[in-house]
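Accompanying notes for the structure given below.
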Amino acid sequence: MAGQDYKKIGQEIIDKIGKDNIQSITHCATRLRVEVYDRQRIDDDEIEKIDEVKGVFFNAGQYQVILGTGIIDKVYKAIVEEDHTMEEKEAEVDKVKEEHNPIKKGVRTLADVFVTIISGIAATGLFLGLQGVL
């Protein structure tokens, strides 16, 4: 896929969510994570129709667009390069996290830890299962 296609995907996502509806934006290994002002303004079906989008869901105040490993980095980079105001919204993520109450901060921290180690846990389980079969 050409770089221009990633720009198009990123722009479509931003347009469907609404640029003025985005409070902050960041990403993880597979998802574009967007904190929005008004969840009701987003049509999930329209976003899922965008090329390369595998799914969407809303959790813990974040609207998450699942793009997959390898694709998310390129789409996110295209979004930030195309619109430099998104860089400012990226910088606000830490500020948004600070605004949550202590329980939400604790749950988010715990979730961030487990998100990074889930693949290792899954791989270990598969290897143990394979060892048992052999």
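Following the order of the structure tokens, chains are lettered A, B, ..., residues in each are numbered from 1, and ligands are numbered from 1.
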Practice problem: Write out as JSON, numbers by chain all residues of chain A that DSSP puts in strand (DSSP E or B) for this structure's backbone. | Solution: {"A": [22, 23, 24, 25, 26, 27, 31, 32, 33, 34, 35, 36, 55, 56, 57, 58, 59, 62, 63, 64, 65, 66]}
Go ahead and write the selection's residues with N, CA and C atoms as a PDB file, in the first residue's frame.
ATOM      1  N   ILE A  22     -12.488  15.597  18.690  1.00  0.00           N
ATOM      2  CA  ILE A  22     -11.320  14.897  19.228  1.00  0.00           C
ATOM      3  C   ILE A  22     -10.694  15.706  20.355  1.00  0.00           C
ATOM      4  N   GLN A  23     -10.637  15.093  21.522  1.00  0.00           N
ATOM      5  CA  GLN A  23      -9.995  15.711  22.682  1.00  0.00           C
ATOM      6  C   GLN A  23      -8.508  15.383  22.694  1.00  0.00           C
ATOM      7  N   SER A  24      -8.179  14.123  22.465  1.00  0.00           N
ATOM      8  CA  SER A  24      -6.782  13.700  22.388  1.00  0.00           C
ATOM      9  C   SER A  24      -6.701  12.464  21.509  1.00  0.00           C
ATOM     10  N   ILE A  25      -5.497  12.218  20.994  1.00  0.00           N
ATOM     11  CA  ILE A  25      -5.312  11.081  20.095  1.00  0.00           C
ATOM     12  C   ILE A  25      -3.949  10.452  20.367  1.00  0.00           C
ATOM     13  N   THR A  26      -3.921   9.142  20.359  1.00  0.00           N
ATOM     14  CA  THR A  26      -2.679   8.393  20.519  1.00  0.00           C
ATOM     15  C   THR A  26      -2.888   7.027  19.868  1.00  0.00           C
ATOM     16  N   HIS A  27      -1.943   6.133  20.015  1.00  0.00           N
ATOM     17  CA  HIS A  27      -2.119   4.791  19.465  1.00  0.00           C
ATOM     18  C   HIS A  27      -1.306   3.799  20.275  1.00  0.00           C
ATOM     19  N   ARG A  31      -4.187  -0.278  17.719  1.00  0.00           N
ATOM     20  CA  ARG A  31      -5.377   0.573  17.739  1.00  0.00           C
ATOM     21  C   ARG A  31      -5.046   2.055  17.734  1.00  0.00           C
ATOM     22  N   LEU A  32      -5.904   2.813  17.074  1.00  0.00           N
ATOM     23  CA  LEU A  32      -5.899   4.260  17.181  1.00  0.00           C
ATOM     24  C   LEU A  32      -6.823   4.582  18.346  1.00  0.00           C
ATOM     25  N   ARG A  33      -6.310   5.282  19.348  1.00  0.00           N
ATOM     26  CA  ARG A  33      -7.077   5.571  20.561  1.00  0.00           C
ATOM     27  C   ARG A  33      -7.405   7.056  20.588  1.00  0.00           C
ATOM     28  N   VAL A  34      -8.704   7.352  20.579  1.00  0.00           N
ATOM     29  CA  VAL A  34      -9.156   8.730  20.501  1.00  0.00           C
ATOM     30  C   VAL A  34     -10.088   9.030  21.666  1.00  0.00           C
ATOM     31  N   GLU A  35      -9.741  10.031  22.447  1.00  0.00           N
ATOM     32  CA  GLU A  35     -10.654  10.497  23.492  1.00  0.00           C
ATOM     33  C   GLU A  35     -11.529  11.555  22.829  1.00  0.00           C
ATOM     34  N   VAL A  36     -12.837  11.375  22.905  1.00  0.00           N
ATOM     35  CA  VAL A  36     -13.765  12.264  22.221  1.00  0.00           C
ATOM     36  C   VAL A  36     -14.625  13.035  23.212  1.00  0.00           C
ATOM     37  N   GLY A  55     -12.277  -3.065  13.140  1.00  0.00           N
ATOM     38  CA  GLY A  55     -13.364  -2.949  14.103  1.00  0.00           C
ATOM     39  C   GLY A  55     -13.193  -1.708  14.950  1.00  0.00           C
ATOM     40  N   VAL A  56     -14.227  -1.403  15.736  1.00  0.00           N
ATOM     41  CA  VAL A  56     -14.185  -0.250  16.635  1.00  0.00           C
ATOM     42  C   VAL A  56     -14.878  -0.609  17.940  1.00  0.00           C
ATOM     43  N   PHE A  57     -14.511   0.071  19.016  1.00  0.00           N
ATOM     44  CA  PHE A  57     -15.267  -0.029  20.259  1.00  0.00           C
ATOM     45  C   PHE A  57     -14.924   1.144  21.149  1.00  0.00           C
ATOM     46  N   PHE A  58     -15.769   1.372  22.123  1.00  0.00           N
ATOM     47  CA  PHE A  58     -15.601   2.478  23.066  1.00  0.00           C
ATOM     48  C   PHE A  58     -15.401   1.878  24.436  1.00  0.00           C
ATOM     49  N   ASN A  59     -14.277   2.244  25.092  1.00  0.00           N
ATOM     50  CA  ASN A  59     -13.968   1.679  26.396  1.00  0.00           C
ATOM     51  C   ASN A  59     -13.185   2.696  27.212  1.00  0.00           C
ATOM     52  N   GLN A  62     -12.355   6.041  25.816  1.00  0.00           N
ATOM     53  CA  GLN A  62     -11.598   6.080  24.569  1.00  0.00           C
ATOM     54  C   GLN A  62     -12.380   5.404  23.454  1.00  0.00           C
ATOM     55  N   TYR A  63     -12.418   6.063  22.307  1.00  0.00           N
ATOM     56  CA  TYR A  63     -12.947   5.447  21.107  1.00  0.00           C
ATOM     57  C   TYR A  63     -11.754   4.813  20.414  1.00  0.00           C
ATOM     58  N   GLN A  64     -11.798   3.503  20.223  1.00  0.00           N
ATOM     59  CA  GLN A  64     -10.655   2.783  19.679  1.00  0.00           C
ATOM     60  C   GLN A  64     -10.986   2.210  18.309  1.00  0.00           C
ATOM     61  N   VAL A  65     -10.136   2.526  17.346  1.00  0.00           N
ATOM     62  CA  VAL A  65     -10.278   2.031  15.983  1.00  0.00           C
ATOM     63  C   VAL A  65      -9.183   0.997  15.770  1.00  0.00           C
ATOM     64  N   ILE A  66      -9.582  -0.248  15.526  1.00  0.00           N
ATOM     65  CA  ILE A  66      -8.626  -1.346  15.369  1.00  0.00           C
ATOM     66  C   ILE A  66      -8.157  -1.394  13.918  1.00  0.00           C
TER      67      ILE A  66
END
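Distances to Lys49 (chain A) were evaluated for A:Asn101, A:Ile9, A:Gly70, A:Gly120 using only C-alpha atoms, and the minimum falls at A:Ile9.
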Exercise. Write down as JSON, numbers by chain the residues of chain A whose backbone DSSP state falls under alpha helix (DSSP H).
Key: {"A": [3, 4, 5, 6, 7, 8, 9, 10, 11, 12, 13, 14, 15, 16, 17, 44, 45, 46, 47, 48, 71, 72, 73, 74, 75, 76, 77, 78, 79, 80, 81, 82, 85, 86, 87, 88, 89, 90, 91, 93, 94, 95, 96, 97, 98, 99, 102, 103, 104, 105, 106, 107, 108, 109, 110, 111, 112, 113, 114, 115, 116, 117, 118, 119, 120, 121, 122, 123, 124, 125, 126, 127, 128, 129, 130, 131, 132, 133]}
Practice problem: Can you work out the spacing between CA of Lys7 (chain A) and CA of Tyr76 (chain A) in Å, to one decimal? | Solution: 8.8 Å
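Contact shell of Lys74 (chain A) at 10 Å (only C-alpha atoms; same-chain neighbours under 2 positions omitted): Gly3, Asp5, Tyr6, Lys7, Ile9, Gly10, Thr69, Gly70, Ile71, Ile72, Tyr76, Lys77, Ala78 and Ile79 of chain A.
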